[in-house]
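**Student:** This is run.json (JSON, C-alpha atoms and all ligand atoms).
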```
[["chain", "number", "residue", "atom", "x", "y", "z"],
["Q", 1, "MET", "CA", 37.89, 55.25, 59.28],
["Q", 2, "ASN", "CA", 34.48, 54.13, 58.02],
["Q", 3, "ASN", "CA", 31.25, 55.69, 56.89],
["Q", 4, "GLU", "CA", 28.97, 54.09, 59.46],
["Q", 5, "PRO", "CA", 27.30, 56.46, 61.88],
["Q", 6, "THR", "CA", 28.42, 55.73, 65.41],
["Q", 7, "LYS", "CA", 26.59, 56.28, 68.65],
["Q", 8, "HIS", "CA", 28.20, 59.67, 69.21],
["Q", 9, "HIS", "CA", 28.86, 60.73, 65.70],
["Q", 10, "ARG", "CA", 26.51, 60.99, 62.74],
["Q", 11, "HIS", "CA", 28.37, 63.27, 60.45],
["Q", 12, "ILE", "CA", 28.03, 62.35, 56.75],
["Q", 13, "ARG", "CA", 31.48, 62.10, 55.26],
["Q", 14, "SER", "CA", 32.47, 63.78, 52.01],
["Q", 15, "PHE", "CA", 34.73, 60.88, 51.02],
["Q", 16, "VAL", "CA", 34.83, 57.13, 50.77],
["Q", 17, "LEU", "CA", 38.23, 55.88, 51.71],
["Q", 18, "ARG", "CA", 39.66, 53.56, 49.09],
["Q", 19, "GLU", "CA", 43.18, 53.33, 50.32],
["Q", 20, "GLY", "CA", 45.08, 51.62, 47.55],
["Q", 21, "ARG", "CA", 48.66, 50.53, 48.10],
["Q", 22, "LEU", "CA", 51.52, 52.80, 48.98],
["Q", 23, "THR", "CA", 54.52, 52.71, 46.69],
["Q", 24, "ALA", "CA", 57.84, 51.85, 48.32],
["Q", 25, "GLY", "CA", 58.79, 55.54, 48.03],
["Q", 26, "GLN", "CA", 55.59, 56.67, 49.75],
["Q", 27, "GLN", "CA", 56.07, 54.10, 52.50],
["Q", 28, "ARG", "CA", 59.60, 55.35, 53.09],
["Q", 29, "ALA", "CA", 58.39, 58.98, 53.09],
["Q", 30, "PHE", "CA", 55.88, 58.14, 55.85],
["Q", 31, "GLU", "CA", 58.80, 56.78, 57.88],
["Q", 32, "THR", "CA", 61.29, 59.56, 57.24],
["Q", 33, "VAL", "CA", 59.40, 62.74, 56.25],
["Q", 34, "TRP", "CA", 56.13, 62.39, 58.18],
["Q", 35, "PRO", "CA", 57.74, 62.71, 61.66],
["Q", 36, "GLU", "CA", 58.91, 66.22, 60.78],
["Q", 37, "TYR", "CA", 56.16, 67.47, 58.42],
["Q", 38, "GLY", "CA", 53.10, 65.42, 59.38],
["Q", 39, "ILE", "CA", 50.73, 66.43, 62.18],
["Q", 40, "ASP", "CA", 48.90, 63.61, 63.93],
["Q", 41, "PHE", "CA", 45.24, 64.44, 64.46],
["Q", 42, "LEU", "CA", 44.61, 64.27, 68.20],
["Q", 43, "GLY", "CA", 41.42, 66.31, 68.35],
["Q", 44, "ASN", "CA", 43.07, 69.23, 70.16],
["Q", 45, "ARG", "CA", 43.70, 72.83, 68.99],
["Q", 46, "ILE", "CA", 46.98, 73.10, 67.07],
["Q", 47, "ASP", "CA", 49.29, 76.06, 67.69],
["Q", 48, "LEU", "CA", 50.13, 76.71, 64.03],
["Q", 49, "PRO", "CA", 52.62, 79.60, 64.47],
["Q", 50, "ALA", "CA", 54.56, 77.49, 67.01],
["Q", 51, "LEU", "CA", 54.55, 74.60, 64.58],
["Q", 52, "PHE", "CA", 55.89, 76.67, 61.69],
["Q", 53, "GLY", "CA", 58.21, 78.58, 64.00],
["Q", 54, "ASN", "CA", 57.14, 81.98, 62.65],
["Q", 55, "HIS", "CA", 54.17, 84.31, 62.26],
["Q", 56, "ASN", "CA", 53.96, 84.25, 58.46],
["Q", 57, "PRO", "CA", 50.50, 84.09, 56.83],
["Q", 58, "ILE", "CA", 48.98, 80.60, 56.83],
["Q", 59, "PHE", "CA", 47.04, 79.10, 53.90],
["Q", 60, "LEU", "CA", 45.13, 75.84, 54.11],
["Q", 61, "GLU", "CA", 44.34, 73.47, 51.24],
["Q", 62, "ILE", "CA", 41.52, 71.00, 51.89],
["Q", 63, "GLY", "CA", 41.56, 67.72, 49.89],
["Q", 64, "PHE", "CA", 44.88, 68.31, 48.12],
["Q", 65, "GLY", "CA", 44.77, 64.97, 46.26],
["Q", 66, "ASN", "CA", 48.38, 64.15, 45.32],
["Q", 67, "GLY", "CA", 49.55, 67.54, 46.62],
["Q", 68, "GLU", "CA", 51.30, 68.66, 43.43],
["Q", 69, "SER", "CA", 49.61, 72.07, 43.37],
["Q", 70, "LEU", "CA", 50.05, 72.60, 47.11],
["Q", 71, "ALA", "CA", 53.78, 71.83, 46.81],
["Q", 72, "GLU", "CA", 54.00, 74.20, 43.85],
["Q", 73, "MET", "CA", 52.31, 77.04, 45.77],
["Q", 74, "ALA", "CA", 54.52, 76.45, 48.83],
["Q", 75, "ALA", "CA", 57.69, 76.42, 46.70],
["Q", 76, "ALA", "CA", 56.69, 79.63, 44.90],
["Q", 77, "ASN", "CA", 55.82, 81.47, 48.15],
["Q", 78, "PRO", "CA", 58.43, 80.87, 50.86],
["Q", 79, "GLN", "CA", 57.09, 83.96, 52.68],
["Q", 80, "ASN", "CA", 53.86, 82.02, 53.46],
["Q", 81, "ASN", "CA", 53.08, 78.88, 55.44],
["Q", 82, "TYR", "CA", 50.90, 76.12, 53.97],
["Q", 83, "LEU", "CA", 48.86, 73.45, 55.67],
["Q", 84, "GLY", "CA", 47.35, 70.57, 53.69],
["Q", 85, "ILE", "CA", 44.59, 68.22, 54.81],
["Q", 86, "GLU", "CA", 43.84, 65.03, 52.89],
["Q", 87, "VAL", "CA", 42.47, 61.62, 53.87],
["Q", 88, "HIS", "CA", 43.95, 59.54, 51.05],
["Q", 89, "ARG", "CA", 47.19, 57.93, 52.26],
["Q", 90, "PRO", "CA", 48.90, 57.48, 48.87],
["Q", 91, "GLY", "CA", 48.16, 61.16, 48.08],
["Q", 92, "VAL", "CA", 49.71, 62.21, 51.38],
["Q", 93, "GLY", "CA", 52.70, 59.95, 50.69],
["Q", 94, "HIS", "CA", 53.10, 61.57, 47.27],
["Q", 95, "LEU", "CA", 53.18, 65.03, 48.87],
["Q", 96, "LEU", "CA", 55.69, 63.92, 51.51],
["Q", 97, "ILE", "CA", 58.04, 62.87, 48.71],
["Q", 98, "LYS", "CA", 57.56, 66.29, 47.05],
["Q", 99, "ILE", "CA", 58.33, 68.08, 50.33],
["Q", 100, "GLU", "CA", 61.63, 66.26, 50.52],
["Q", 101, "GLU", "CA", 62.48, 66.68, 46.83],
["Q", 102, "LEU", "CA", 61.79, 70.42, 46.87],
["Q", 103, "GLY", "CA", 63.25, 70.98, 50.35],
["Q", 104, "LEU", "CA", 60.08, 72.71, 51.52],
["Q", 105, "THR", "CA", 60.08, 73.94, 55.11],
["Q", 106, "ASN", "CA", 56.85, 76.00, 54.98],
["Q", 107, "LEU", "CA", 54.41, 73.10, 54.54],
["Q", 108, "ARG", "CA", 52.73, 70.76, 57.06],
["Q", 109, "VAL", "CA", 50.29, 67.92, 56.45],
["Q", 110, "ILE", "CA", 47.34, 66.41, 58.33],
["Q", 111, "ARG", "CA", 45.81, 63.10, 57.25],
["Q", 112, "HIS", "CA", 42.27, 63.26, 58.56],
["Q", 113, "ASP", "CA", 38.73, 64.39, 57.73],
["Q", 114, "ALA", "CA", 39.05, 68.14, 57.13],
["Q", 115, "VAL", "CA", 35.57, 68.75, 58.55],
["Q", 116, "GLU", "CA", 36.70, 67.45, 61.94],
["Q", 117, "VAL", "CA", 40.05, 69.17, 61.74],
["Q", 118, "LEU", "CA", 38.31, 72.50, 61.13],
["Q", 119, "LYS", "CA", 35.96, 71.86, 64.00],
["Q", 120, "LYS", "CA", 38.49, 70.78, 66.60],
["Q", 121, "SER", "CA", 42.02, 71.78, 65.68],
["Q", 122, "ILE", "CA", 42.06, 75.17, 63.96],
["Q", 123, "ALA", "CA", 41.93, 78.32, 66.09],
["Q", 124, "ASP", "CA", 39.59, 81.23, 65.33],
["Q", 125, "SER", "CA", 40.85, 83.73, 62.73],
["Q", 126, "SER", "CA", 44.14, 81.84, 62.36],
["Q", 127, "LEU", "CA", 44.12, 81.40, 58.57],
["Q", 128, "ASP", "CA", 44.76, 83.93, 55.81],
["Q", 129, "GLY", "CA", 43.21, 81.80, 53.11],
["Q", 130, "VAL", "CA", 41.56, 78.43, 52.48],
["Q", 131, "PHE", "CA", 41.66, 76.57, 49.15],
["Q", 132, "LEU", "CA", 39.19, 73.89, 48.06],
["Q", 133, "PHE", "CA", 40.18, 72.77, 44.59],
["Q", 134, "PHE", "CA", 38.01, 70.27, 42.72],
["Q", 135, "PRO", "CA", 36.24, 68.66, 45.69],
["Q", 136, "ASP", "CA", 34.44, 65.39, 44.93],
["Q", 137, "PRO", "CA", 31.30, 66.56, 43.08],
["Q", 138, "TRP", "CA", 29.04, 63.68, 44.15],
["Q", 139, "HIS", "CA", 27.05, 63.83, 40.93],
["Q", 140, "LYS", "CA", 23.97, 61.86, 41.92],
["Q", 141, "LYS", "CA", 21.20, 63.79, 43.61],
["Q", 142, "ARG", "CA", 20.91, 61.29, 46.46],
["Q", 143, "HIS", "CA", 24.63, 61.86, 47.17],
["Q", 144, "HIS", "CA", 24.50, 65.66, 47.20],
["Q", 145, "LYS", "CA", 24.45, 65.61, 51.00],
["Q", 146, "ARG", "CA", 28.01, 64.27, 50.84],
["Q", 147, "ARG", "CA", 29.33, 67.41, 49.17],
["Q", 148, "ILE", "CA", 31.81, 69.01, 51.53],
["Q", 149, "LEU", "CA", 30.69, 72.55, 50.79],
["Q", 150, "GLN", "CA", 27.52, 73.03, 52.82],
["Q", 151, "GLN", "CA", 26.18, 75.85, 54.99],
["Q", 152, "GLU", "CA", 27.72, 74.46, 58.18],
["Q", 153, "PHE", "CA", 31.11, 73.99, 56.50],
["Q", 154, "VAL", "CA", 31.07, 77.60, 55.26],
["Q", 155, "GLN", "CA", 30.22, 78.80, 58.77],
["Q", 156, "ARG", "CA", 33.21, 76.84, 60.09],
["Q", 157, "LEU", "CA", 35.38, 78.49, 57.46],
["Q", 158, "ALA", "CA", 34.08, 81.89, 58.57],
["Q", 159, "ARG", "CA", 35.33, 81.14, 62.07],
["Q", 160, "VAL", "CA", 38.86, 80.09, 61.10],
["Q", 161, "ILE", "CA", 39.57, 82.64, 58.34],
["Q", 162, "ARG", "CA", 40.69, 86.02, 59.65],
["Q", 163, "PRO", "CA", 38.77, 89.15, 58.56],
["Q", 164, "GLY", "CA", 40.25, 90.23, 55.23],
["Q", 165, "GLY", "CA", 41.34, 86.66, 54.41],
["Q", 166, "PHE", "CA", 39.67, 84.61, 51.68],
["Q", 167, "PHE", "CA", 38.12, 81.32, 50.69],
["Q", 168, "HIS", "CA", 38.83, 80.05, 47.17],
["Q", 169, "ALA", "CA", 36.97, 77.11, 45.64],
["Q", 170, "ALA", "CA", 37.24, 75.69, 42.13],
["Q", 171, "THR", "CA", 35.22, 72.99, 40.41],
["Q", 172, "ASP", "CA", 34.74, 71.59, 36.93],
["Q", 173, "TRP", "CA", 31.17, 70.56, 37.65],
["Q", 174, "GLU", "CA", 28.74, 73.36, 36.79],
["Q", 175, "HIS", "CA", 25.98, 72.16, 39.08],
["Q", 176, "TYR", "CA", 28.39, 72.08, 42.04],
["Q", 177, "ALA", "CA", 29.63, 75.56, 41.08],
["Q", 178, "GLU", "CA", 26.04, 76.83, 41.24],
["Q", 179, "HIS", "CA", 25.54, 75.12, 44.60],
["Q", 180, "MET", "CA", 28.77, 76.73, 45.90],
["Q", 181, "MET", "CA", 27.64, 80.14, 44.66],
["Q", 182, "THR", "CA", 24.25, 79.80, 46.37],
["Q", 183, "VAL", "CA", 25.65, 78.61, 49.69],
["Q", 184, "LEU", "CA", 28.49, 81.16, 49.84],
["Q", 185, "SER", "CA", 26.33, 84.06, 48.70],
["Q", 186, "HIS", "CA", 23.90, 83.27, 51.49],
["Q", 187, "GLU", "CA", 26.56, 84.01, 54.15],
["Q", 188, "THR", "CA", 26.54, 87.76, 53.58],
["Q", 189, "GLU", "CA", 27.35, 88.43, 57.22],
["Q", 190, "TYR", "CA", 30.75, 86.76, 56.82],
["Q", 191, "PHE", "CA", 31.68, 86.60, 53.14],
["Q", 192, "GLU", "CA", 31.68, 88.92, 50.15],
["Q", 193, "ASN", "CA", 32.15, 87.73, 46.56],
["Q", 194, "SER", "CA", 35.43, 89.31, 45.39],
["Q", 195, "ALA", "CA", 34.17, 89.24, 41.78],
["Q", 196, "GLY", "CA", 30.87, 90.98, 42.64],
["Q", 197, "GLY", "CA", 27.51, 89.35, 43.38],
["Q", 198, "GLY", "CA", 26.89, 86.10, 41.51],
["Q", 199, "ASN", "CA", 30.14, 86.27, 39.48],
["Q", 200, "TYR", "CA", 32.85, 83.66, 39.04],
["Q", 201, "THR", "CA", 36.53, 84.70, 39.10],
["Q", 202, "PRO", "CA", 39.05, 84.01, 36.32],
["Q", 203, "ARG", "CA", 41.66, 81.50, 37.60],
["Q", 204, "PRO", "CA", 44.08, 83.55, 39.75],
["Q", 205, "ASP", "CA", 47.76, 83.17, 38.76],
["Q", 206, "TYR", "CA", 48.63, 81.61, 42.11],
["Q", 207, "ARG", "CA", 46.42, 78.57, 41.47],
["Q", 208, "PRO", "CA", 48.40, 75.92, 39.57],
["Q", 209, "LEU", "CA", 46.49, 73.57, 37.28],
["Q", 210, "THR", "CA", 45.61, 70.50, 39.33],
["Q", 211, "LYS", "CA", 45.61, 66.87, 38.26],
["Q", 212, "PHE", "CA", 41.80, 66.76, 38.21],
["Q", 213, "GLU", "CA", 41.63, 69.98, 36.28],
["Q", 214, "ARG", "CA", 43.97, 68.69, 33.57],
["Q", 215, "ARG", "CA", 41.85, 65.57, 33.33],
["Q", 216, "GLY", "CA", 38.72, 67.73, 33.09],
["Q", 217, "GLN", "CA", 40.31, 69.85, 30.38],
["Q", 218, "ARG", "CA", 41.02, 66.74, 28.32],
["Q", 219, "LEU", "CA", 37.36, 65.81, 28.69],
["Q", 220, "GLY", "CA", 36.32, 69.30, 27.61],
["Q", 221, "HIS", "CA", 34.97, 70.40, 31.03],
["Q", 222, "GLY", "CA", 34.69, 74.05, 32.01],
["Q", 223, "VAL", "CA", 36.17, 75.35, 35.29],
["Q", 224, "TRP", "CA", 34.54, 77.71, 37.78],
["Q", 225, "ASP", "CA", 36.57, 79.58, 40.41],
["Q", 226, "LEU", "CA", 34.88, 81.33, 43.35],
["Q", 227, "VAL", "CA", 36.84, 83.68, 45.60],
["Q", 228, "PHE", "CA", 35.01, 85.02, 48.64],
["Q", 229, "ARG", "CA", 36.59, 87.54, 51.01],
["Q", 230, "ARG", "CA", 36.01, 87.23, 54.76],
["Q", 231, "ARG", "CA", 34.46, 90.47, 56.01],
["A", 301, "LIG", "C1", 38.39, 65.07, 43.34],
["A", 301, "LIG", "S1", 39.78, 65.02, 44.39],
["A", 301, "LIG", "C2", 40.67, 66.52, 43.97],
["A", 301, "LIG", "C3", 42.09, 66.49, 44.42],
["A", 301, "LIG", "C4", 42.92, 67.76, 44.11],
["A", 301, "LIG", "N1", 42.41, 68.91, 44.83],
["A", 301, "LIG", "C5", 42.97, 68.02, 42.61],
["A", 301, "LIG", "O1", 42.34, 68.98, 42.16],
["A", 301, "LIG", "O2", 43.64, 67.25, 41.91],
["A", 301, "LIG", "C6", 39.08, 65.40, 45.97],
["A", 301, "LIG", "C7", 40.00, 65.05, 47.12],
["A", 301, "LIG", "O3", 39.44, 65.48, 48.36],
["A", 301, "LIG", "C8", 39.72, 64.51, 49.36],
["A", 301, "LIG", "N2", 38.70, 64.68, 50.42],
["A", 301, "LIG", "C9", 37.36, 64.56, 50.27],
["A", 301, "LIG", "N3", 36.74, 64.83, 51.43],
["A", 301, "LIG", "C10", 37.72, 65.14, 52.33],
["A", 301, "LIG", "C11", 37.70, 65.50, 53.70],
["A", 301, "LIG", "N4", 36.55, 65.59, 54.38],
["A", 301, "LIG", "N5", 38.88, 65.72, 54.32],
["A", 301, "LIG", "C12", 40.04, 65.62, 53.64],
["A", 301, "LIG", "N6", 40.13, 65.30, 52.33],
["A", 301, "LIG", "C13", 38.97, 65.05, 51.68],
["A", 301, "LIG", "C14", 39.65, 63.20, 48.63],
["A", 301, "LIG", "O4", 40.37, 62.19, 49.30],
["A", 301, "LIG", "C15", 40.26, 63.56, 47.26],
["A", 301, "LIG", "O5", 41.65, 63.34, 47.25]]
```
Since I need it in another form, could you write the structure as structure tokens?
**Tutor:**
Amino acid sequence: MNNEPTKHHRHIRSFVLREGRLTAGQQRAFETVWPEYGIDFLGNRIDLPALFGNHNPIFLEIGFGNGESLAEMAAANPQNNYLGIEVHRPGVGHLLIKIEELGLTNLRVIRHDAVEVLKKSIADSSLDGVFLFFPDPWHKKRHHKRRILQQEFVQRLARVIRPGGFFHAATDWEHYAEHMMTVLSHETEYFENSAGGGNYTPRPDYRPLTKFERRGQRLGHGVWDLVFRRR
């Protein structure tokens, strides 16, 4: 995967892939756990209920990092299904190890650009909730176009989240929080702020503290949660 525009494809990516090495444990998990819990991105629509083998509610986490909070949510809620999308191989490997350790059966993983996965692989109204926790803030103004949460992304979310479902974002970067609030509040046809117009939400109990959040807390950062309900 690279960041160069190609002839057919000019989409600006929200990540720069710096792969890093896999640990021996992660390598092994790709060999033994991935075949059962990983979903290869093939660009086709995925039949999620068939994949999970049930019709339980499905929640998606985009950019799960090392997957600790996704694994924690899946372990605490066996009545739900969870799908995680992340591009960073070592992070995916870390989550595969967790899946095995915790014996999770309600979690599946895709290693690909979430923007493309949303566009090509997720059926309309198939998700009950989507989480976006601490997306890369892209601090510099000239990089703001790389932020994953943009109007088009929110419109894609509107398509895949069922009416009554929700989108939950969290960030420790105030400027990004304000950007999120502006973009989400603009989509009044599809989304309604569950905390009332212009308000942030206190961290819901179901959201575990993430690695980035703990780091932010040590640095004295604030945290902003936004929960928008799909109309
Ligand atoms: C700042 S980290 C936060 C990780 C985790 N949510 C946490 O709070 O610890 C952002 C993550 O999003 C991933 N990411 C960024 N853009 C992505 C995309 N388009 N598709 C999938 N993952 C993406 C990055 O690889 C990175 O792991």
**Student:** Within 7 Å of ligand LIG 301 (chain A), counting all atoms listed in the file: which residues, as a list of chain:residue names?
**Tutor:**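 Residues satisfying the distance criterion: Q:Arg13, Q:Ser14, Q:Phe15, Q:Ile62, Q:Gly63, Q:Phe64, Q:Gly65, Q:Asn66, Q:Ile85, Q:Glu86, Q:Val87, Q:His88, Q:Gly91, Q:His112, Q:Asp113, Q:Ala114, Q:Val115, Q:Leu132, Q:Phe133, Q:Phe134, Q:Pro135, Q:Asp136, Q:Ile148, Q:Thr210, Q:Lys211, Q:Phe212, Q:Glu213.
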**Student:** Nearest residue to Glu192 in chain Q out of Q:Leu60, Q:Met73, Q:Leu17, Q:Val227, using only C-alpha atoms?
**Tutor:** Q:Val227
**Student:** Smallest atom-to-atom distance to Leu95 in chain Q: which of Q:Asn199, Q:Ser69, Q:Ser125, Q:Thr32, using all atoms listed in the file?
**Tutor:**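 Between Q:Asn199, Q:Ser69, Q:Ser125, Q:Thr32, the residue approaching Leu95 in chain Q most closely is Q:Ser69.
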**Student:** Quick one: pull the distance between CA of Phe167 in chain Q and CA of Lys140 in chain Q, Å, one decimal.
**Tutor:**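 Value for the CA of Phe167 in chain Q-CA of Lys140 in chain Q distance: 25.6 Å.
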**Student:** Got a sec: who's within 7 Å of range 19-31 of chain Q, counting all atoms listed in the file, leaving out chain neighbours fewer than 5 positions off, as a list in words?
**Tutor:**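 Everything that qualifies: His88, Arg89, Pro90, Gly93, His94, Leu96 and Ile97 of chain Q.
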**Student:** Quick one, how far is CA of Glu72 in chain Q from CA of Leu102 in chain Q?
**Tutor:**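 If I compute the distance from CA of Glu72 in chain Q to CA of Leu102 in chain Q, I get 9.2 Å.
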**Student:** Tell me which of Q:Arg218, Q:Arg146, Q:Lys141, Q:Arg203 sits closest to Ala170 in chain Q, counting only C-alpha atoms.
**Tutor:**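 Smallest separation from Ala170 in chain Q among the options: Q:Arg203.
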**Student:** Quote the spacing between CA of Arg230 in chain Q and CA of Val160 in chain Q in Å to one decimal place.
**Tutor:**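 Distance reported for this atom pair: 10.0 Å.
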**Student:** Identify the residues around (37.4, 72.1, 64.1) within a radius of 9 Å, measuring from all atoms listed in the file in the coordinates stated by the file, and give them as a list of chain:residue names.
**Tutor:**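 In the file's frame, the residues around the point are Q:Gly43, Q:Asn44, Q:Arg45, Q:Ala114, Q:Val115, Q:Glu116, Q:Val117, Q:Leu118, Q:Lys119, Q:Lys120, Q:Ser121, Q:Ile122, Q:Ala123, Q:Arg156, Q:Val160.
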**Student:** Taking all atoms listed in the file into account, name the residue in Q:Ala169, Q:Ile46, Q:Leu104, Q:Leu149 that is nearest to Ser126 in chain Q.
**Tutor:**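 Among the listed residues, Q:Ile46 lies closest to Ser126 in chain Q.
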**Student:** Go through Q:Asn54, Q:Gln150, Q:Thr171, Q:Asn81 one by one, measure the shortest atom-to-atom distance of each to Gly216 in chain Q using only C-alpha atoms, and give the residue with the smallest value.
**Tutor:**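 Checking each candidate against Gly216 in chain Q, we get Q:Thr171 as the closest.
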**Student:** Considering all atoms listed in the file, state which residue in the set Q:Val109, Q:Ile12, Q:Ile39, Q:Val223 is at the smallest distance from Trp173 in chain Q.
**Tutor:** Q:Val223
**Student:** So that I can see what lies close to Thr182 in chain Q, please list as a ChimeraX atom specification the residues with an atom at most 12 Å from it, counting only C-alpha atoms and leaving out residues fewer than 2 positions away in the same chain.
**Tutor:** /Q:149-151,154,175-180,184-188,193,197-200,226
**Student:** Keeping C-alpha atoms, export the residues of the selection given above as a CSV table (one decimal), in the frame of the given file.
**Tutor:**
```csv
chain,number,residue,atom,x,y,z
Q,149,LEU,CA,30.7,72.6,50.8
Q,150,GLN,CA,27.5,73.0,52.8
Q,151,GLN,CA,26.2,75.8,55.0
Q,154,VAL,CA,31.1,77.6,55.3
Q,175,HIS,CA,26.0,72.2,39.1
Q,176,TYR,CA,28.4,72.1,42.0
Q,177,ALA,CA,29.6,75.6,41.1
Q,178,GLU,CA,26.0,76.8,41.2
Q,179,HIS,CA,25.5,75.1,44.6
Q,180,MET,CA,28.8,76.7,45.9
Q,184,LEU,CA,28.5,81.2,49.8
Q,185,SER,CA,26.3,84.1,48.7
Q,186,HIS,CA,23.9,83.3,51.5
Q,187,GLU,CA,26.6,84.0,54.2
Q,188,THR,CA,26.5,87.8,53.6
Q,193,ASN,CA,32.2,87.7,46.6
Q,197,GLY,CA,27.5,89.4,43.4
Q,198,GLY,CA,26.9,86.1,41.5
Q,199,ASN,CA,30.1,86.3,39.5
Q,200,TYR,CA,32.8,83.7,39.0
Q,226,LEU,CA,34.9,81.3,43.4
```
**Student:** Need to verify the contact set: Asn77 in chain Q, 12 Å, all atoms listed in the file, exclusion of same-chain residues closer than 6 positions in sequence. Can you return it as a PyMOL selection string?
**Tutor:** chain Q and resi 56-59+70-71+104-107+206-207
**Student:** Excluding Pro163 in chain Q and any residue of its chain fewer than 4 positions from it, enumerate the residues within 10 Å of it, using all atoms listed in the file, and give them as a ChimeraX atom specification.
**Tutor:** /Q:125-128,158-159,190-191,229-231
**Student:** Need the axis-aligned box for range 190-203 of chain Q with 6 Å each side, so what are the centre and edges in Å to one decimal, as JSON?
**Tutor:**
```
{"center_x": 34.3, "center_y": 86.2, "center_z": 46.6, "size_x": 26.8, "size_y": 21.5, "size_z": 32.5}
```
